[in-house]
file model_20.tsv (TSV, C-alpha atoms)
chain	number	residue	atom	x	y	z
A	1	MET	CA	0.00	0.00	0.00
A	2	ILE	CA	1.25	3.47	-0.88
A	3	TYR	CA	-0.09	6.64	0.71
A	4	LYS	CA	0.48	9.43	-1.81
A	5	ASN	CA	0.85	13.18	-1.64
A	6	THR	CA	1.23	13.98	2.05
A	7	SER	CA	3.19	16.68	3.84
A	8	LEU	CA	5.88	15.45	6.23
A	9	MET	CA	7.80	18.24	7.99
A	10	GLY	CA	6.89	20.54	5.10
A	11	GLU	CA	8.07	18.12	2.41
A	12	ASN	CA	5.69	16.41	-0.01
A	13	VAL	CA	6.24	12.65	0.23
A	14	ASP	CA	4.64	9.26	-0.32
A	15	ILE	CA	4.65	6.50	2.32
A	16	GLU	CA	4.89	2.82	1.43
A	17	VAL	CA	3.58	0.25	3.91
A	18	GLN	CA	4.04	-3.51	3.81
A	19	ASN	CA	3.13	-6.06	6.47
A	20	GLY	CA	2.46	-3.39	9.06
A	21	LYS	CA	5.82	-1.65	8.60
A	22	ILE	CA	6.92	1.51	6.82
A	23	THR	CA	9.13	0.37	3.96
A	24	ALA	CA	9.80	3.64	2.11
A	25	VAL	CA	9.25	7.38	2.48
A	26	GLY	CA	9.83	9.77	-0.43
A	27	GLN	CA	8.74	10.28	-4.03
A	28	LEU	CA	7.57	6.77	-4.92
A	29	GLU	CA	6.39	5.15	-8.13
A	30	GLY	CA	2.96	3.56	-8.31
A	31	GLU	CA	-0.65	4.33	-7.51
A	32	GLY	CA	-1.99	4.74	-4.00
A	33	LEU	CA	-4.38	6.56	-1.68
A	34	ASP	CA	-4.19	10.30	-2.34
A	35	LEU	CA	-3.82	12.18	0.95
A	36	LYS	CA	-4.39	15.49	-0.84
A	37	GLY	CA	-1.40	17.28	0.65
A	38	CYS	CA	-2.59	16.85	4.24
A	39	LYS	CA	-0.06	16.82	7.06
A	40	VAL	CA	1.17	13.50	8.46
A	41	TYR	CA	2.69	12.79	11.85
A	42	PRO	CA	3.64	9.62	13.74
A	43	GLY	CA	0.73	8.17	15.67
A	44	LEU	CA	0.17	9.64	19.12
A	45	ILE	CA	1.02	7.43	22.09
A	46	ASP	CA	-0.95	8.10	25.28
A	47	ILE	CA	0.86	6.53	28.25
A	48	HIS	CA	-1.55	7.95	30.85
A	49	THR	CA	-5.27	7.72	30.15
A	50	HIS	CA	-8.04	6.21	32.26
A	51	GLY	CA	-10.96	6.24	29.86
A	52	CYS	CA	-13.38	7.99	27.54
A	53	ILE	CA	-16.92	7.87	26.06
A	54	GLY	CA	-18.40	6.47	29.28
A	55	TYR	CA	-15.84	3.71	29.82
A	56	ASP	CA	-12.95	3.34	32.26
A	57	THR	CA	-9.95	1.04	32.41
A	58	MET	CA	-11.08	-0.24	35.81
A	59	ASP	CA	-14.35	-1.47	34.30
A	60	GLY	CA	-12.30	-4.26	32.78
A	61	THR	CA	-14.38	-4.07	29.59
A	62	HIS	CA	-14.81	-1.98	26.43
A	63	LEU	CA	-11.12	-1.44	25.70
A	64	GLU	CA	-11.90	-1.88	22.01
A	65	GLU	CA	-14.52	0.88	22.03
A	66	MET	CA	-12.05	3.20	23.74
A	67	SER	CA	-9.33	2.19	21.27
A	68	GLU	CA	-11.59	3.02	18.33
A	69	TYR	CA	-12.55	6.39	19.80
A	70	ILE	CA	-9.00	7.57	20.45
A	71	ALA	CA	-7.85	6.35	17.02
A	72	GLY	CA	-10.29	8.91	15.64
A	73	HIS	CA	-8.22	11.47	17.54
A	74	GLY	CA	-4.83	10.44	16.18
A	75	VAL	CA	-3.79	7.96	18.89
A	76	THR	CA	-2.30	4.73	17.56
A	77	ALA	CA	-1.07	3.20	20.86
A	78	TRP	CA	-1.91	3.63	24.51
A	79	LEU	CA	-1.48	2.39	28.07
A	80	PRO	CA	-4.87	2.00	29.78
A	81	THR	CA	-4.26	3.42	33.23
A	82	THR	CA	-5.55	1.87	36.44
A	83	MET	CA	-6.59	3.62	39.65
A	84	THR	CA	-5.84	3.07	43.32
A	85	MET	CA	-8.26	0.25	44.06
A	86	ASN	CA	-8.31	-3.26	45.49
A	87	MET	CA	-5.26	-5.16	44.21
A	88	ASP	CA	-7.37	-8.12	43.13
A	89	LYS	CA	-9.42	-5.74	40.99
A	90	ILE	CA	-6.25	-4.34	39.40
A	91	ARG	CA	-4.98	-7.88	38.82
A	92	ASN	CA	-8.19	-8.92	37.07
A	93	VAL	CA	-8.27	-5.82	34.88
A	94	THR	CA	-4.68	-6.10	33.72
A	95	ALA	CA	-4.72	-9.86	33.11
A	96	ILE	CA	-6.29	-9.27	29.71
A	97	LYS	CA	-5.92	-12.13	27.24
A	98	GLN	CA	-7.75	-10.73	24.23
A	99	LEU	CA	-6.37	-7.38	23.08
A	100	PRO	CA	-8.56	-5.01	21.04
A	101	GLN	CA	-8.62	-5.89	17.35
A	102	LYS	CA	-9.70	-2.41	16.25
A	103	GLY	CA	-8.49	1.11	16.90
A	104	ALA	CA	-5.35	2.10	18.78
A	105	ALA	CA	-3.08	-0.71	19.99
A	106	VAL	CA	-2.97	-1.51	23.71
A	107	LEU	CA	0.72	-1.92	24.60
A	108	GLY	CA	0.22	-2.72	28.30
A	109	PHE	CA	-1.03	-0.88	31.38
A	110	HIS	CA	0.07	2.05	33.50
A	111	MET	CA	-0.56	1.28	37.17
A	112	GLU	CA	-1.20	4.61	38.91
A	113	GLY	CA	-1.30	3.64	42.57
A	114	PRO	CA	-1.91	2.12	45.08
A	115	TYR	CA	1.73	2.82	46.10
A	116	ILE	CA	1.17	6.55	46.62
A	117	SER	CA	0.99	9.25	49.29
A	118	PRO	CA	-2.34	9.95	51.01
A	119	LYS	CA	-1.31	13.61	51.26
A	120	HIS	CA	-1.28	13.97	47.48
A	121	LYS	CA	-3.86	11.34	46.55
A	122	GLY	CA	-5.79	13.69	44.24
A	123	ALA	CA	-8.74	11.74	42.84
A	124	GLN	CA	-7.31	8.40	44.04
A	125	ASN	CA	-9.25	6.46	46.67
A	126	GLU	CA	-7.35	6.65	49.98
A	127	LYS	CA	-9.07	3.48	51.21
A	128	TYR	CA	-6.85	1.36	48.94
A	129	ILE	CA	-3.50	3.14	49.33
A	130	LYS	CA	-0.77	0.75	50.54
A	131	THR	CA	2.99	0.40	50.81
A	132	PRO	CA	4.89	-0.98	47.82
A	133	ASP	CA	5.28	-4.73	47.52
A	134	LEU	CA	7.59	-5.84	44.70
A	135	GLU	CA	6.70	-9.51	45.11
A	136	GLU	CA	3.03	-8.65	44.80
A	137	PHE	CA	3.69	-6.36	41.84
A	138	ASN	CA	5.58	-9.08	40.01
A	139	THR	CA	2.47	-11.29	40.09
A	140	LEU	CA	0.63	-8.77	37.90
A	141	GLU	CA	0.54	-9.15	34.13
A	142	ASN	CA	0.99	-6.61	31.35
A	143	ILE	CA	2.13	-3.66	33.52
A	144	LYS	CA	4.54	-1.42	31.60
A	145	MET	CA	4.65	1.61	33.93
A	146	VAL	CA	3.98	2.13	37.63
A	147	THR	CA	3.52	5.41	39.50
A	148	ILE	CA	4.96	5.44	43.02
A	149	ALA	CA	5.63	7.87	45.88
A	150	PRO	CA	9.31	7.31	46.76
A	151	GLU	CA	9.04	8.61	50.32
A	152	ILE	CA	6.76	5.85	51.58
A	153	GLU	CA	8.17	2.76	53.27
A	154	GLY	CA	9.63	0.19	50.90
A	155	SER	CA	9.64	2.44	47.84
A	156	MET	CA	13.40	2.59	47.32
A	157	GLU	CA	13.72	-1.19	47.37
A	158	PHE	CA	10.79	-1.40	44.96
A	159	ILE	CA	12.29	1.12	42.53
A	160	LYS	CA	15.68	-0.59	42.59
A	161	GLY	CA	14.16	-4.00	41.86
A	162	CYS	CA	11.38	-3.06	39.44
A	163	SER	CA	11.92	-4.11	35.83
A	164	GLU	CA	9.21	-1.82	34.41
A	165	VAL	CA	9.23	1.96	33.95
A	166	VAL	CA	8.88	3.68	37.33
A	167	SER	CA	7.32	7.14	37.46
A	168	ILE	CA	7.26	9.36	40.55
A	169	GLY	CA	3.85	10.83	41.33
A	170	HIS	CA	1.14	11.44	43.92
A	171	THR	CA	4.07	12.15	46.21
A	172	ASP	CA	5.23	14.40	49.03
A	173	ALA	CA	8.89	13.65	48.37
A	174	ASP	CA	11.49	16.34	48.94
A	175	TYR	CA	14.45	16.93	46.62
A	176	GLU	CA	16.80	14.49	48.35
A	177	CYS	CA	14.27	11.65	48.37
A	178	ALA	CA	13.30	12.16	44.73
A	179	ASP	CA	16.94	12.47	43.70
A	180	LYS	CA	17.74	9.15	45.38
A	181	ALA	CA	14.78	7.48	43.67
A	182	MET	CA	15.96	8.74	40.29
A	183	GLY	CA	19.43	7.47	41.01
A	184	LEU	CA	17.91	4.03	41.65
A	185	GLY	CA	16.08	4.04	38.33
A	186	ALA	CA	12.91	6.15	38.43
A	187	LYS	CA	12.67	7.60	34.90
A	188	CYS	CA	9.70	9.94	34.92
A	189	LEU	CA	7.39	12.27	36.83
A	190	THR	CA	3.67	11.57	36.69
A	191	HIS	CA	1.57	14.61	35.64
A	192	THR	CA	4.31	17.03	36.63
A	193	PHE	CA	3.32	19.79	39.10
A	194	ASN	CA	0.02	18.01	39.85
A	195	ALA	CA	-0.17	15.92	43.06
A	196	MET	CA	3.38	16.76	44.19
A	197	PRO	CA	5.21	19.59	46.00
A	198	PRO	CA	5.87	22.62	43.81
A	199	ILE	CA	9.28	24.09	43.10
A	200	HIS	CA	10.44	26.37	45.90
A	201	HIS	CA	13.70	28.29	45.67
A	202	ARG	CA	15.08	26.57	48.78
A	203	ASN	CA	13.09	23.34	48.51
A	204	PRO	CA	13.05	22.37	44.82
A	205	GLY	CA	11.30	19.06	45.47
A	206	PRO	CA	10.84	16.31	42.87
A	207	ILE	CA	10.68	18.77	39.97
A	208	GLY	CA	14.08	20.18	40.89
A	209	ALA	CA	15.42	16.63	41.13
A	210	ALA	CA	13.97	15.85	37.71
A	211	ILE	CA	15.82	18.83	36.25
A	212	ASP	CA	19.12	17.74	37.79
A	213	ASN	CA	18.67	14.12	36.66
A	214	ASN	CA	17.28	15.07	33.22
A	215	ILE	CA	14.52	12.46	33.43
A	216	TYR	CA	11.22	12.50	31.55
A	217	VAL	CA	8.22	14.55	32.70
A	218	GLN	CA	4.59	13.75	31.93
A	219	VAL	CA	2.49	16.88	31.43
A	220	ILE	CA	-1.28	17.36	31.16
A	221	CYS	CA	-1.38	20.17	28.60
A	222	ASP	CA	-5.13	20.84	28.62
A	223	GLY	CA	-4.95	24.50	29.64
A	224	LEU	CA	-6.50	23.68	33.02
A	225	HIS	CA	-4.08	21.56	35.04
A	226	ILE	CA	-1.07	23.78	34.34
A	227	HIS	CA	-0.85	27.44	33.31
A	228	LYS	CA	0.51	28.06	29.83
A	229	SER	CA	3.56	29.90	31.19
A	230	VAL	CA	4.50	26.80	33.20
A	231	ILE	CA	3.98	24.61	30.13
A	232	LYS	CA	6.50	26.82	28.33
A	233	LEU	CA	8.83	26.68	31.33
A	234	LEU	CA	8.78	22.87	31.21
A	235	TYR	CA	9.35	22.87	27.45
A	236	ARG	CA	12.33	25.20	27.71
A	237	THR	CA	13.75	23.17	30.61
A	238	PHE	CA	13.23	19.60	29.38
A	239	GLY	CA	12.78	20.10	25.64
A	240	SER	CA	10.77	17.92	23.32
A	241	GLY	CA	13.11	15.00	24.00
A	242	ARG	CA	12.15	14.71	27.70
A	243	MET	CA	8.68	16.30	27.95
A	244	VAL	CA	5.82	13.84	27.38
A	245	LEU	CA	2.29	15.04	26.73
A	246	ILE	CA	-0.46	12.94	28.32
A	247	SER	CA	-4.23	13.26	28.42
A	248	ASP	CA	-4.99	11.73	31.87
A	249	SER	CA	-8.49	11.47	30.41
A	250	MET	CA	-11.37	9.93	32.37
A	251	ARG	CA	-14.64	8.34	31.28
A	252	ALA	CA	-16.41	11.68	30.69
A	253	THR	CA	-14.08	12.47	27.78
A	254	GLY	CA	-16.21	12.82	24.66
A	255	LEU	CA	-19.43	13.16	26.70
A	256	GLU	CA	-21.48	15.96	28.21
A	257	ASP	CA	-21.26	17.46	31.72
A	258	GLY	CA	-22.72	15.37	34.52
A	259	GLU	CA	-21.84	12.93	37.28
A	260	TYR	CA	-19.51	10.00	36.61
A	261	GLU	CA	-17.79	7.22	38.55
A	262	PHE	CA	-14.00	7.39	38.74
A	263	GLY	CA	-11.92	5.10	40.93
A	264	GLY	CA	-14.93	4.21	43.07
A	265	GLN	CA	-15.79	7.86	43.67
A	266	THR	CA	-18.42	10.20	42.27
A	267	ILE	CA	-16.96	12.85	39.98
A	268	THR	CA	-18.83	15.92	38.80
A	269	VAL	CA	-18.01	17.34	35.38
A	270	LYS	CA	-19.02	20.98	34.87
A	271	ASN	CA	-17.90	23.03	31.89
A	272	SER	CA	-15.75	20.02	30.92
A	273	VAL	CA	-13.82	20.20	34.24
A	274	ALA	CA	-13.89	17.01	36.33
A	275	ARG	CA	-13.73	17.34	40.12
A	276	THR	CA	-14.12	15.13	43.17
A	277	GLN	CA	-16.77	15.95	45.76
A	278	ASP	CA	-14.15	17.86	47.79
A	279	GLY	CA	-13.17	19.96	44.77
A	280	ALA	CA	-9.95	18.27	43.61
A	281	ILE	CA	-9.39	18.07	39.86
A	282	ALA	CA	-10.03	14.48	38.77
A	283	GLY	CA	-8.22	13.77	35.54
A	284	SER	CA	-9.14	15.53	32.33
A	285	THR	CA	-11.84	15.40	29.69
A	286	SER	CA	-9.36	16.12	26.90
A	287	THR	CA	-7.90	13.80	24.31
A	288	LEU	CA	-4.15	13.67	23.75
A	289	LEU	CA	-4.70	15.49	20.45
A	290	ASP	CA	-6.45	18.28	22.36
A	291	CYS	CA	-3.29	18.58	24.47
A	292	VAL	CA	-1.07	18.70	21.38
A	293	LYS	CA	-3.22	21.46	19.91
A	294	LYS	CA	-3.11	23.38	23.19
A	295	ALA	CA	0.70	23.13	23.25
A	296	ILE	CA	0.80	24.61	19.76
A	297	GLU	CA	-1.59	27.34	20.86
A	298	PHE	CA	0.81	28.13	23.73
A	299	GLY	CA	3.63	28.72	21.28
A	300	ILE	CA	5.41	25.36	21.12
A	301	PRO	CA	6.39	24.58	17.51
A	302	GLU	CA	3.98	22.18	15.81
A	303	GLU	CA	6.58	19.50	15.06
A	304	GLU	CA	7.85	19.61	18.64
A	305	ALA	CA	4.33	19.33	20.09
A	306	PHE	CA	3.59	16.23	18.02
A	307	LYS	CA	6.99	14.75	18.93
A	308	MET	CA	6.19	15.08	22.64
A	309	ALA	CA	3.10	12.93	22.10
A	310	SER	CA	4.68	10.29	19.85
A	311	GLN	CA	8.45	9.84	19.59
A	312	THR	CA	9.25	10.95	23.15
A	313	PRO	CA	6.79	8.65	24.96
A	314	ALA	CA	7.94	5.80	22.69
A	315	GLU	CA	11.54	6.42	23.76
A	316	LEU	CA	10.60	6.67	27.44
A	317	MET	CA	8.76	3.36	27.29
A	318	GLY	CA	11.31	1.59	25.13
A	319	PHE	CA	8.88	1.01	22.26
A	320	LYS	CA	11.69	0.82	19.74
A	321	SER	CA	9.56	0.37	16.59
A	322	LYS	CA	7.15	3.23	17.29
A	323	GLY	CA	7.15	7.01	17.29
A	324	ARG	CA	8.83	7.78	13.95
A	325	LEU	CA	7.82	7.93	10.29
A	326	GLU	CA	10.86	6.11	8.93
A	327	PRO	CA	11.47	2.83	7.10
A	328	GLY	CA	11.57	-0.07	9.54
A	329	PHE	CA	9.19	1.49	12.02
A	330	ASP	CA	5.63	0.35	12.61
A	331	ALA	CA	3.14	1.90	10.19
A	332	ASP	CA	1.42	4.00	12.88
A	333	PHE	CA	0.51	7.48	11.69
A	334	ALA	CA	-2.29	9.99	11.42
A	335	VAL	CA	-3.13	12.51	8.70
A	336	TYR	CA	-4.47	15.97	9.57
A	337	ASP	CA	-5.98	18.97	7.82
A	338	ASP	CA	-4.70	22.47	8.54
A	339	ASN	CA	-6.89	22.68	11.66
A	340	TYR	CA	-5.51	19.39	13.04
A	341	ASN	CA	-8.69	17.47	12.38
A	342	VAL	CA	-7.89	13.79	11.84
A	343	LYS	CA	-8.57	12.69	8.27
A	344	LEU	CA	-6.95	9.25	8.47
A	345	CYS	CA	-5.46	7.07	11.19
A	346	VAL	CA	-3.35	4.01	10.40
A	347	VAL	CA	-2.38	1.46	13.07
A	348	ASN	CA	0.09	-1.32	12.26
A	349	GLY	CA	-0.55	-0.71	8.59
A	350	GLU	CA	-4.34	-0.92	8.81
A	351	ILE	CA	-6.69	2.04	8.35
A	352	GLN	CA	-8.60	2.40	11.63
A	353	TYR	CA	-10.24	5.77	10.99
A	354	ARG	CA	-11.04	7.68	7.83
A	355	ASN	CA	-12.90	10.96	7.44
A	356	ASN	CA	-13.66	12.39	3.99
A	357	LEU	CA	-10.37	11.39	2.47

call {"tool": "encode", "arguments": {"input": "model_20.tsv", "output": "structure tokens"}}
result
Amino acid sequence: MIYKNTSLMGENVDIEVQNGKITAVGQLEGEGLDLKGCKVYPGLIDIHTHGCIGYDTMDGTHLEEMSEYIAGHGVTAWLPTTMTMNMDKIRNVTAIKQLPQKGAAVLGFHMEGPYISPKHKGAQNEKYIKTPDLEEFNTLENIKMVTIAPEIEGSMEFIKGCSEVVSIGHTDADYECADKAMGLGAKCLTHTFNAMPPIHHRNPGPIGAAIDNNIYVQVICDGLHIHKSVIKLLYRTFGSGRMVLISDSMRATGLEDGEYEFGGQTITVKNSVARTQDGAIAGSTSTLLDCVKKAIEFGIPEEEAFKMASQTPAELMGFKSKGRLEPGFDADFAVYDDNYNVKLCVVNGEIQYRNNL
């Protein structure tokens, strides 16, 4: 299959796909699907998203419906993200045997809690918070990333022994604690600035430690969780090679205002803002593409914004065949009009979404 006449980084190219892989990019001979000069970018990879269109990862069902929905918004791979709940519930949800056959590819799960701080629990259910247990964790299947508070008992041993990507979040850690955790292998901050101590000029906290260790930072760029000036501060500090855009979306994404269940709690969505009953922000109702568009609106160059939602999360997670539009990489890409509306989404070489193209 050849995709003809598309704009890649301002250059008109064709893309050849065979057996789910990109085999050539350039001016190619042969007929193919005319993309009418629309822009093309590598498929978005959402490593932190709980749900959408009325469904949630913790339901343990409807992953395919969620995969189809987010493919329509440029996402080609994702990590369904669990909540702080009963460990048996988490185990049952993540022990999935049949992956979705349509839409974005599920590459594993992000386990957000229960190894977190009650002080910065956010929308997580304090009832199920517990100390880290590496032996217990190793009995779980399909976990690719785990969020942990490094200051709680047993965290350092967990981080040192964990074979999956460890992200620091929902934490009250100071600089020294976070720095030690990063030295032991923690590679990322979970929704940076949210549910953690802020930077203070004498107490720089986990964000200061992240700067010194040059690790990755997840960022909810929806225009609500973090002010645009702080988004630009993070971009100038970490660059597109270390800053990862995430949606942190919950089940109300794609739906109207109202009351929804989230992690065993009632969440109220008003004017597209989700909050717990005590007023804490509870995830977002934005797609990852919404966050990319908001980053561009804030002044981050278009190519860099898309990179932070594709190549950079792929590199963080070690997904070596994803995140680039180059021969040898998986044929995961999306095609956009000038307003960033998705016209086509291809996952592993198969068209999963098409809109008037």

call {"tool": "atom_distance", "arguments": {"input": "model_20.tsv", "atom1": "CA of Gly30 (chain A)", "atom2": "CA of Pro327 (chain A)"}}
result
17.6 Å

call {"tool": "residues_around", "arguments": {"input": "model_20.tsv", "residues": "region 312-322 of chain A", "least_positions_apart": "6", "cutoff": "12 Å", "atoms": "only C-alpha atoms", "output": "ChimeraX atom specification"}}
result
/A:20-22,41-48,76-79,105,107-110,143-146,163-167,186-189,215-219,238-246,304-306,328-333,347-348

call {"tool": "residues_around", "arguments": {"input": "model_20.tsv", "residues": "Ile281 (chain A)", "least_positions_apart": "3", "cutoff": "9 Å", "atoms": "only C-alpha atoms", "output": "list in words"}}
result
Gly122, Ala123, His225, Val273, Ala274, Arg275, Thr276 and Ser284 of chain A

call {"tool": "closest_residue", "arguments": {"input": "model_20.tsv", "among": "A:Thr237, A:Ser117, A:Thr268, A:Ser249", "to": "Tyr55 (chain A)", "atoms": "all atoms listed in the file"}}
result
A:Ser249

call {"tool": "closest_residue", "arguments": {"input": "model_20.tsv", "among": "A:Tyr340, A:Gly283, A:Gly254, A:Gly26", "to": "Glu302 (chain A)", "atoms": "all atoms listed in the file"}}
result
A:Tyr340

call {"tool": "closest_residue", "arguments": {"input": "model_20.tsv", "among": "A:Arg236, A:Arg251, A:Lys130, A:Lys4", "to": "Ala282 (chain A)", "atoms": "all atoms listed in the file"}}
result
A:Arg251

call {"tool": "closest_atom_pairs", "arguments": {"input": "model_20.tsv", "of": "region 100-143 of chain A", "to": "region 193-202 of chain A", "cutoff": "9 Å", "atoms": "only C-alpha atoms", "output": "CSV"}}
result
residue,atom,partner,partner_atom,distance
A:Lys119,CA,A:Ala195,CA,8.6
A:His120,CA,A:Ala195,CA,5.0
A:Lys121,CA,A:Ala195,CA,6.8
A:Gly122,CA,A:Ala195,CA,6.2

call {"tool": "axis_aligned_box", "arguments": {"input": "model_20.tsv", "around": "region 97-113 of chain A", "padding_each_side": "4 Å", "output": "AutoDock Vina command-line options"}}
result
--center_x -4.5 --center_y -3.8 --center_z 29.4 --size_x 18.4 --size_y 24.7 --size_z 34.3

call {"tool": "closest_residue", "arguments": {"input": "model_20.tsv", "among": "A:Gln27, A:Ser155, A:Val335, A:Val40", "to": "Glu303 (chain A)", "atoms": "only C-alpha atoms"}}
result
A:Val40

call {"tool": "residues_around", "arguments": {"input": "model_20.tsv", "residues": "Glu151 (chain A)", "least_positions_apart": "2", "cutoff": "9 Å", "atoms": "all atoms listed in the file", "output": "VMD selection string"}}
result
chain A and resid 116 to 117 148 to 149 153 to 156 171 to 174 177 to 178 181

call {"tool": "atom_distance", "arguments": {"input": "model_20.tsv", "atom1": "CA of Leu233 (chain A)", "atom2": "CA of Gly169 (chain A)"}}
result
19.4 Å

call {"tool": "atom_distance", "arguments": {"input": "model_20.tsv", "atom1": "CA of Glu135 (chain A)", "atom2": "CA of Leu99 (chain A)"}}
result
25.7 Å

call {"tool": "residues_around", "arguments": {"input": "model_20.tsv", "residues": "region 13-17 of chain A", "least_positions_apart": "6", "cutoff": "7 Å", "atoms": "all atoms listed in the file", "output": "PyMOL selection string"}}
result
chain A and resi 1-7+23-28+331+349

call {"tool": "residues_around", "arguments": {"input": "model_20.tsv", "residues": "region 58-62 of chain A", "least_positions_apart": "6", "cutoff": "9 Å", "atoms": "all atoms listed in the file", "output": "PyMOL selection string"}}
result
chain A and resi 50-51+80-83+85+89-90+92-94+96+100+262-263

call {"tool": "closest_residue", "arguments": {"input": "model_20.tsv", "among": "A:Val106, A:Leu8, A:Ala252, A:Ala71", "to": "Thr285 (chain A)", "atoms": "all atoms listed in the file"}}
result
A:Ala252
